[in-house]
Structure formats: structure tokens, C-alpha cells
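Presented below is the structure to which this report refers.
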Amino acid sequence: MSATTISPYRSPQRAENDSFLRLVRAEWTKFRTLRGWVLAVVIAVVLTDVFGLLVVHPHSPCGSGCHLLVPTGPGGEAVNDSFYFVRRPLAGNGSITVRVTALTGKVSASGGGFFGPGQPQNGLSPGVVPWAKAGIIITQSTRQGSAYAAMMVTGGNGVRMQYDYTSDVPGLAGLVSAASPRWLRLVRSGNTITGYDSPDGSHWTEVGVARLAGLSGTVQAGLFAASPLKFTPNFITYSESGGSVSGSLATGVFDHVALAGSGAGGWTGQNIGASGAGYTGPQIGYRQAGGRFTVTGSGDIGPVVSGAANSSYDTVTIGDHLLGVFLGLVILVVIGAMFITVEYRRGLISTTLTASPKRGRMLAAKAVVIGLVTFAAGAAAAALAVIVGIYVSRSGGVYVLPVGWPTEARVILGTAAMLAVTSVLALSIGTILRRSVVTVATVVVGLVLPYILGASGVLPVGAAEWMLRVTPAAAFAIEQSVPQYHQVIGQYGPPDYFPLAPWAGFAVLCAYAVVGLGLAAYLLRRRDA
Amino acid sequence: MEATIEVTGLRKRFGATLALDGMSFTVQPGQVTGFVGPNGAGKTTTMRVILGLDAPDAGRALIDGRPYPKLQRPLSRIGALLDAAALQPGRTGRNHLLWLAHSQGLSGRRVDEVLEQAGLASAARRKAGGYSLGMRQRLGIAAAMLGDPPVLILDEPFNGMDPEGIVWMRGFLRSLAAEGRAVLVSSHLMSELQDTADHLVVAGRGKVIADATVADLIAAASGDRVLLRTSGRTEAMTVLAHAGATVAATGRDTLTISGLPAERVVALLSEAGVPFSEVSAHRASLEEAYMELTRDAVEFRARPAEEAAQ
């Protein structure tokens with residue numbers, strides 16, 4: 001019984017230093033050995049895809065079998081390319097100069113519907129829409145989606161230089177009239193086109209320079225007129241059916257037309273895109289009287305945006321297939337929170353902290369594990385939803401706005417990253433609150449509800465936009481696949497458009513996660529376990 | 001110092017309750033130290049402070065001269081069983097040990113070793129939610145043994161164990177001490193430690209009220225009392241009381257005498273011709289010693305609110 005006869009025990013195990021990876025491995029073992037958690041992650045993936053692909057799958061207005069042929073621009077994006085074109089070929093370098101003395105327009109009665117091919121015009125009344133366009137254009141060909149550069153006057157946005165559908169540079173401000181005409185000039189040198197404007201024909205200002213990769217050899221140069229659908233966005237809520245649309249046309253009056261450079265033949269009038277969304281009524285066309293050209297056209301030259309805003313195309317974005325993500329998010333935030341709250345509930349946190357008494361490192365290891373698990377699950381779910389969703393939509397006759405693979409990768413991996421960071425935020429809240437029920441209620445109200453309220457269209461636009469800017473739901477911006485364009489009036493709202501840029505929205509969520517994790521680590525160290 | 005726990009002047013207040021009020025003691029290697037005291041004496045809180053789970057308001061607890069959070073691979077320095085019920089019910093016993101093992105850089109093979117050692121190998125792949133309290137205690141012992149630590153602290157390990165389990169646990173604790181490990185075992189029932197502990201730290205009201213070997217404690221509680229069996233009870237009482245002893249009648253023919261050694265009692269009675277059939281030094285049980293020591297501290301039991309704070 002005497003202690004002095006016994007020498008102190010020495011473990012035969014070799015001593016090693018602690019490593020963070022060991023803690024990560026321990027937390028991973030903890031996670032994977034609870035069948036309920038693994039099952040919940042699988043259910044989150046399945047729900048995301050089932051809801052995204054089946055429940056909210058968009059349907060083609062004309063049923064399967066009708067396939068929209070939407071032209072794509074040089075950048076690969078879907079474009080509207082419908083306008084009236086009075087053209088002549090231009091071989092090699094040269095320039096075109098005109099004076100515009102008037103831009104007038106007509107708009108069909110509010111709610112009067114679209115100008116469809118061959119549709120009768122009903123109730124046209126005078127009016128010019130803000131982005132009605134008349135001016136000069138140099139384009140590779142009359143094929144829709146060709147490379148181009150144009151100088152134009154607009155109904156409400158002054159002189160613009162636009163090229164290759166997405167670029168827009170402002171020139172002289174103000175409206176055009178006989179008393180205040182606008183001189184426009186395009187100069188071609190190889191595949192570079194420079195735009196100029198002038199109030200008087202003698203003092204010229206360079207507006208912009210367009211280097212068009214798709215421009216070579218003989219091109220078409222001339223006068224054009226176009227007028228997009230009049231769209232009145234619904235500014236009350238983000239609701240897709242909110243805006244009202246009516247058809248319009250625009251008439252430009254030109255004189256002092258001067259074409260420099262070699263090219264054969266006289267002027268030819270052509271309604272570009274007449275077989276598509278363009279209007280083919282009797283007013284479309286051009287008249288030439290002496291040196292004076294009057295050109296009337298309908299349609300637009302610019303990018304297609306999602307929804308029925310600027311075209312009669314019914315389109316979806318790749319992000320539309322991710323509507324089920326919020327369901328997966330609900331499950332994943334609950335798992336993220338419970339990853340620590342169950343330890344408090346069972347008293348297991350004491351065992352965990354005796355195994356890794358450096359509490360900040362324990363929390364970091366938990367965050368790494370729950371973050372990686374949700375990232376992997378989110379990436380699988382999002383990839384499946386997007387890739388299969390595009391296939392399902394296209395085979396159902398729905399037009400999916402094309403995006404490049406970097407955008408597709410950003411949407412998929414960004415969605416996964418959003419889920420990962422959100423679950424880490426939920427873990428932090430769980431660490432701070434320690435109680436499962438309170439934590440789950442908090443993360444659902446704080447993370448999921450703002451998205452549902454912001455995106456569903458039940459809130460006024462101002463409140464919804466605020467929610468999608470300042471709450472963690474801002475991160476859903478990462479699902480935007482097509483940009484907004486100021487030169488295209490549209491109903492820019494969720495789920496296709498968000499008030500913040502993709503990574504800016506994601507950064508808002510990250511800021512929450514950093515603050516949450518910091519507070520959680522502070523309290524975890526300070527409090528008794 | 002090797003393989004010891006040193007607790008110095010711990011103070012800890014939970015709200016209005018003073019849980020620790022200057023708790024100090026040392027646990028030596030090679031012996032089982034019993035940590036006894038009534039519920040609410042501060043035993044569990046002291047253990048949580050040793051393990052770095054609760055921060056004391058004052059004082060410190062060191063393992064091998066270092067505070068717990070400074071230990072590298074802590075489970076290889078000190079193994080602990082705090083709350084055997086602290087388990088995720090859906091996880092198997094083996095997987096519970098596996099994540100603990102991974103946190104220390106240990107493998108599944110070590111897990112199987114300690115499961116065998118704790119007598120739990122047959123139930124290892126069952127969900128811990130279905131374990132009896134005795135099985136949970138064994139799982140807790142297995143967890144404490146994972147890192148093969150030279151120091152062990154076990155909070156109420158006998159709780160919920162069947163008699164066979166108690167016998168096993170006693171033998172196991174003895175064998176750990178025999179290997180040179182320092183073992184601190186808490187209990188609120190002294191009888192559980194009767195034949196197990198070498199040394200006792202008796203706590204009451206947040207501090208140590210006795211810190212001694214089991215033999216010393218019993219001797220102190222026994223005092224110098226002598227037990228006498230005699231047919232001449234009245235004569236014996238008269239003789240002994242005259243000699244200055246305090247005599248109490250404890251039975252029809254038995255007396256307990258204090259204040260006189262046994263030899264003197266024999267001499268006095270022989271001189272006076274009082275017959276007697278037995279004279280022996282009285283030996284208190286450990287239980288009696290404990291009850292006497294903790295008589296004041298037990299008053300805690302009348303104040304359940306303070307216990308609840310534990």
C-alpha cells in the first residue's frame with residue numbers, strides 16, 4: 001500500500017505534438033459516425049434537386065416541341081437583333097456620316113400586347129420609348145448576332161455608341177430635333193470602329209472605340225431604326241408577372257448621308273430579324289426623298305435579359321434551376337447548428353474540450369468539417385441541378401440563356417460556397433446560443449426567411465432589396481448568371497437578378513460568418529464548458 | 001514532479017453559491033486517492049477545474065506541474081471520466097472512442113484494446129443510447145484509458161454498477177495504482193472506497209476537511225476507546241469512573257471506555273476483582289470516521305438549492 005515502493009507510471013506511447021489536422025479528423029469521425037447527419041445531408045441534396053428540377057421547372061409556353069432559336073452575339077450571350085436596316089456594302093476601310101433631325105415613335109395601347117409577326121397593330125398612339133434607337137451601324141452581315149458597332153440617338157438617353165450587343169457608351173446628351181440635330185459618324189479601320197458625334201457637323205467628339213474581333217472583309221454599313229418593347233416594370237414587388245409590356249416602333253429622319261470607301265450598289269432596305277420577334281407591319285420600312293431618309297423600325301439590338309422584359313422570348317437562366325437550394329439550406333443550417341448544440345445538450349462538449357482544450361482550435365476544426373461537408377454536398381446538388389436542369393429545360397422547349405463555363409462554374413461552386421459559409425455561420429450561432437431549438441429557430445429566421453421574403457415577391461421592392469443587401473441572404477446573388485444592363489429596361493429581381501453583384505453578395509455572408517465565428521470563439525474561451 | 005495532480009486554493013462561485021472555498025490537495029502516483037464528501041461538497045467542480053473545463057475564480061490546478069490547457073495530447077497525460085451519460089445516443093460505443101482516439105492521433109487498434117480492457121468489447125458496435133448505466137461507466141473508463149495516461153480522475157465511477165461491476169472496478173482501480181498511476185476517485189459513499197483507496201481527501205463545503213491515509217483516518221476516528229464485556233457492569237463502571245475514565249453502557253453487558261488505555265483497564269478491574277470476558281481496543285469503521293468528519297458538511301443536504309447549482 002505504500003506509494004514509495006511504486007515508481008510512477010510511464011506510458012509506452014510516444015509523445016507527439018498536437019496537430020490541427022488531428023482535430024479535423026476527430027470532428028470528421030464524429031460527423032460521419034452519426035447516420036442521421038449523413039442521411040440529412042443526402043436528403044438536402046435530393047430535395048434541392050427534386051424541387052429545383054421538378055416542382056419549379058419552367059414550362060415552355062408552347063409546349064415541348066417548339067424550340068426557340070435565339071441568336072447569340074459574338075460574346076456567346078443571347079441577343080435581340082431586330083431592326084430596320086438601310087444598307088450598302090463597305091469593302092475595306094471607310095466611314096459613314098449622317099445628320100439626324102428627328103426621332104419619333106408609336107406605342108401600342110398599354111397592355112395591348114406584343115407586336116408579333118404578322119399581328120395587326122392595335123391602338124397605336126404617338127410616343128417614343130426611352131431606348132428607341134435611330135442612327136448608323138457598321139455590321140459584319142445581316143445575319144442576326146453579327147458583330148457590329150453603331151452610333152445612335154435614343155428616345156430618352158441622348159447619343160450612344162453601342163457595339164457587340166452589350167457595350168454602351170454615352171455621347172451627347174439631350175433629345176434630337178430639327179432645331180437641335182445630331183451628327184453621327186463611324187470610321188472603320190480594319191476591325192476597329194471609332195464613333196464620333198457632333199452638334200453642328202464641324203466640331204466632332206470621339207465617343208468610343210470598338211475593336212470587333214468578328215469584323216473582317218466586306219461589311220454592311222447604313223442607317224437603322226429600332227424600338228424595343230415598351231416595358232413598365234412593376235416597382236411594387238419583385239414579381240415576374242408584375243410588369244406591363246406593349247409594342248412600339250421608332251422613326252428616324254436622316255440627311256447629309258455620306259459614305260466614304262469602296263462598295264458596289266445602291267441602298268437596300270431590309271427588316272432584320274423579321275422572322276423572329278421583329279414587327280413586320282406596313283409602317284416598317286424606309287423612304288428616300290432627295291438626300292433625306294426616313295427609316296421606321298421595331299425591335300432592339302442588345303442583350304436578352306431574363307423574363308419577358310425586352311423580348312417576346314420566354315427564357316430562363318441556369319440559376320432558375322437552383323430554386324430548390326433554399327430547401328437544402330434549411331436542412332444544412334440545422335445540421336451546422338446541431339453539430340455543436342447536441343454536444344451541449346448531451347454534455348459531450350466536456351469530453352470534446354478535454355480532448356482538445358484549445359477551444360478556438362476545436363471550433364475551427366468543427367467549422368472546417370461542417371464547411372467541407374456542406375461544400376461537397378452543395379457542389380453535387382448544384383451541379384446536378386444546373387447540368388440536368390439545362391438539359392431538361394431545353395428538351396422541354398424552354399430557352400436557357402447561354403453562359404460561358406466560367407459563369408456556370410461560378411454559379412455551381414458559388415452556391416456550394418454559400419451553403420458552406422452559411423452552415424459555418426449556423427455553427428457559430430449554435431456555439432453562441434448553445435441550445436438546439438433556439439439556435440435552429442434563429443438560423444432559419446435569420447438566414448432562410450430573408451431569402452424567401454426577398455425573393456418571393458411578397459414584400460415591396462424596397463424592403464426586399466434591403467433584405468437582399470444586408471442580411472446573409474445577400475449571398476444568393478452568387479446564383480446570378482446573366483448580368484443586368486442599364487441600356488435594357490427589365491424586371492431585374494430574384495431569382496435571376498439580385499441587388500448586389502455575385503461576389504459582393506457572397507462577401508456580405510462571409511462578413512456575418514467572420515463576426516459570428518469570432519464571437520463564438522470568444523464566448524467559448526471565456527465561458528465554463 | 002511526476003504524475004501528480006496539485007490543487008491549490010481553488011475558489012469558485014456560481015451565483016450566490018460558493019462551490020469551492022479554498023480547495024487544496026495533492027494526488028500522488030502509485031495509489032488510489034479517494035475524493036469523498038457529501039453531494040455539493042465541490043468534488044465535481046474541482047475535477048472540472050482540474051480538466052480545464054471550468055475556470056476557478058482563484059487558485060490553480062496543475063497536472064505534472066502544468067495547467068490542463070497547456071498539455072500536449074492531454075489524454076495521454078490524464079484520463080478522465082466525468083459524466084458517463086454524456087454520449088451521443090446514435091453513435092456506437094466504438095465510434096465514440098474512435099473520434100476521441102483520432103483527436104489524440106491514436107488508431108482504431110488502441111480503441112479495441114481499451115474496449116477489451118473495460119470489458120465492453122462485445123457491446124462495442126451497439127449504439128450507446130442502448131447502454132445500461134454500468135456499460136456507460138465502462139465506456140467512460142475505456143475513454144479515460146485511451147491515451148494510457150499516468151494520471152486518472154474518475155467521478156463517481158461506481159454509480160449504476162451492479163455488484164459484479166463494483167468488484168471489477170475495485171480490482172481495476174487497484175491495478176492502475178499498482179502500475180504506478182495516480183488515481184483520483186470521487187464518491188459520495190465511503191463504503192465504495194473502503195477496500196480500494198489508500199489515501200482519502202474528504203471534502204465538505206468547498207474545501208478539504210481531512211487529507212490522510214485510510215489507516216490514520218480510522219485511528220483518529222477510533223480515538224483511544226476500549227470495549228469491555230463484563231457480567232459486573234455496575235461495579236466496572238464505578239471502578240473505572242473513579243480512575244477518571246468516561247464510561248458509557250453500550251449494551252446489557254458491554255461498556256465503552258474512553259480516557260484509559262486497555263492495559264490500565266485490565267489492571268484496574270483485576271485489582272477490584274470485577275469479572276470480565278473481553279477487553280479490546282475499539283476500531284471505528286471508515287463509514288463512522290467519514291460520518292463524523294462530514295457531520296457539518298452534510299448540512300448541505302438540507303439546502304437543495306445549492307446542490308442544484310452544481
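Naming scheme: A, B, ... for chains in displayed order of the C-alpha cells; residues 1 onward per chain; ligands 1 onward as shown.
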
So which bits of stretch 40-280 of chain B end up alpha helix (DSSP H) when you DSSP the backbone, as a PyMOL selection string? chain B and resi 43-50+93-103+108-117+133-145+163-178+190-193+214-222+233-242+262-272

Minimum-distance residue to B:Thr294, chosen among B:Leu98, B:Val151, B:Ile78, B:Val36 (using only C-alpha atoms): B:Val36

Within 7 Å of chain A, which residues of chain B show up when using only C-alpha atoms, listed as a ChimeraX atom specification? /B:2-3,29-31,51,53-55,69,72-75,86-88,90-91,95,99-100,102-105,148-150,179-181,198

Excluding B:Ala128 and its own-chain neighbours fewer than 3 positions away, which residues fall within 10 Å of it when counting only C-alpha atoms? Please give them as a compact mmCIF listing (two decimals) with C-alpha atoms, in the first residue's frame.
# COMPACT_ATOMS: atom_id res chain seq x y z
CA ALA B 85 -24.18 9.71 -19.59
CA LEU B 87 -22.85 10.35 -25.04
CA GLN B 88 -24.48 10.77 -28.41
CA PRO B 89 -27.11 8.00 -28.28
CA GLY B 90 -26.96 7.34 -32.02
CA ARG B 91 -23.22 6.68 -32.09
CA THR B 92 -21.81 3.26 -31.26
CA GLY B 93 -19.55 2.88 -28.27
CA ARG B 94 -16.63 2.06 -30.53
CA ASN B 95 -17.18 5.12 -32.71
CA HIS B 96 -17.40 7.30 -29.62
CA ALA B 123 -21.20 -4.33 -26.97
CA ALA B 124 -18.76 -2.06 -28.80
CA ARG B 125 -20.68 -1.92 -32.06
CA TYR B 131 -26.25 1.01 -22.92
CA SER B 132 -27.08 0.48 -19.25
CA MET B 135 -21.98 -0.16 -19.53
CA ARG B 136 -21.68 3.60 -19.89
CA LEU B 139 -17.22 3.03 -21.81

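Using only C-alpha atoms, the contacts of stretch 275-281 of chain B at a cut-off of 6 Å, with sequence neighbours closer than 5 positions omitted, comprise Val226, Leu227, Leu228, Arg229 and Thr230 of chain B.
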
Skipping near chain neighbours, those fewer than 2 positions away, what residues fall within 7 Å of stretch 61-63 of chain B using only C-alpha atoms, listed as an MDAnalysis selection string? chainID B and resid 4:8 49:50 65:68
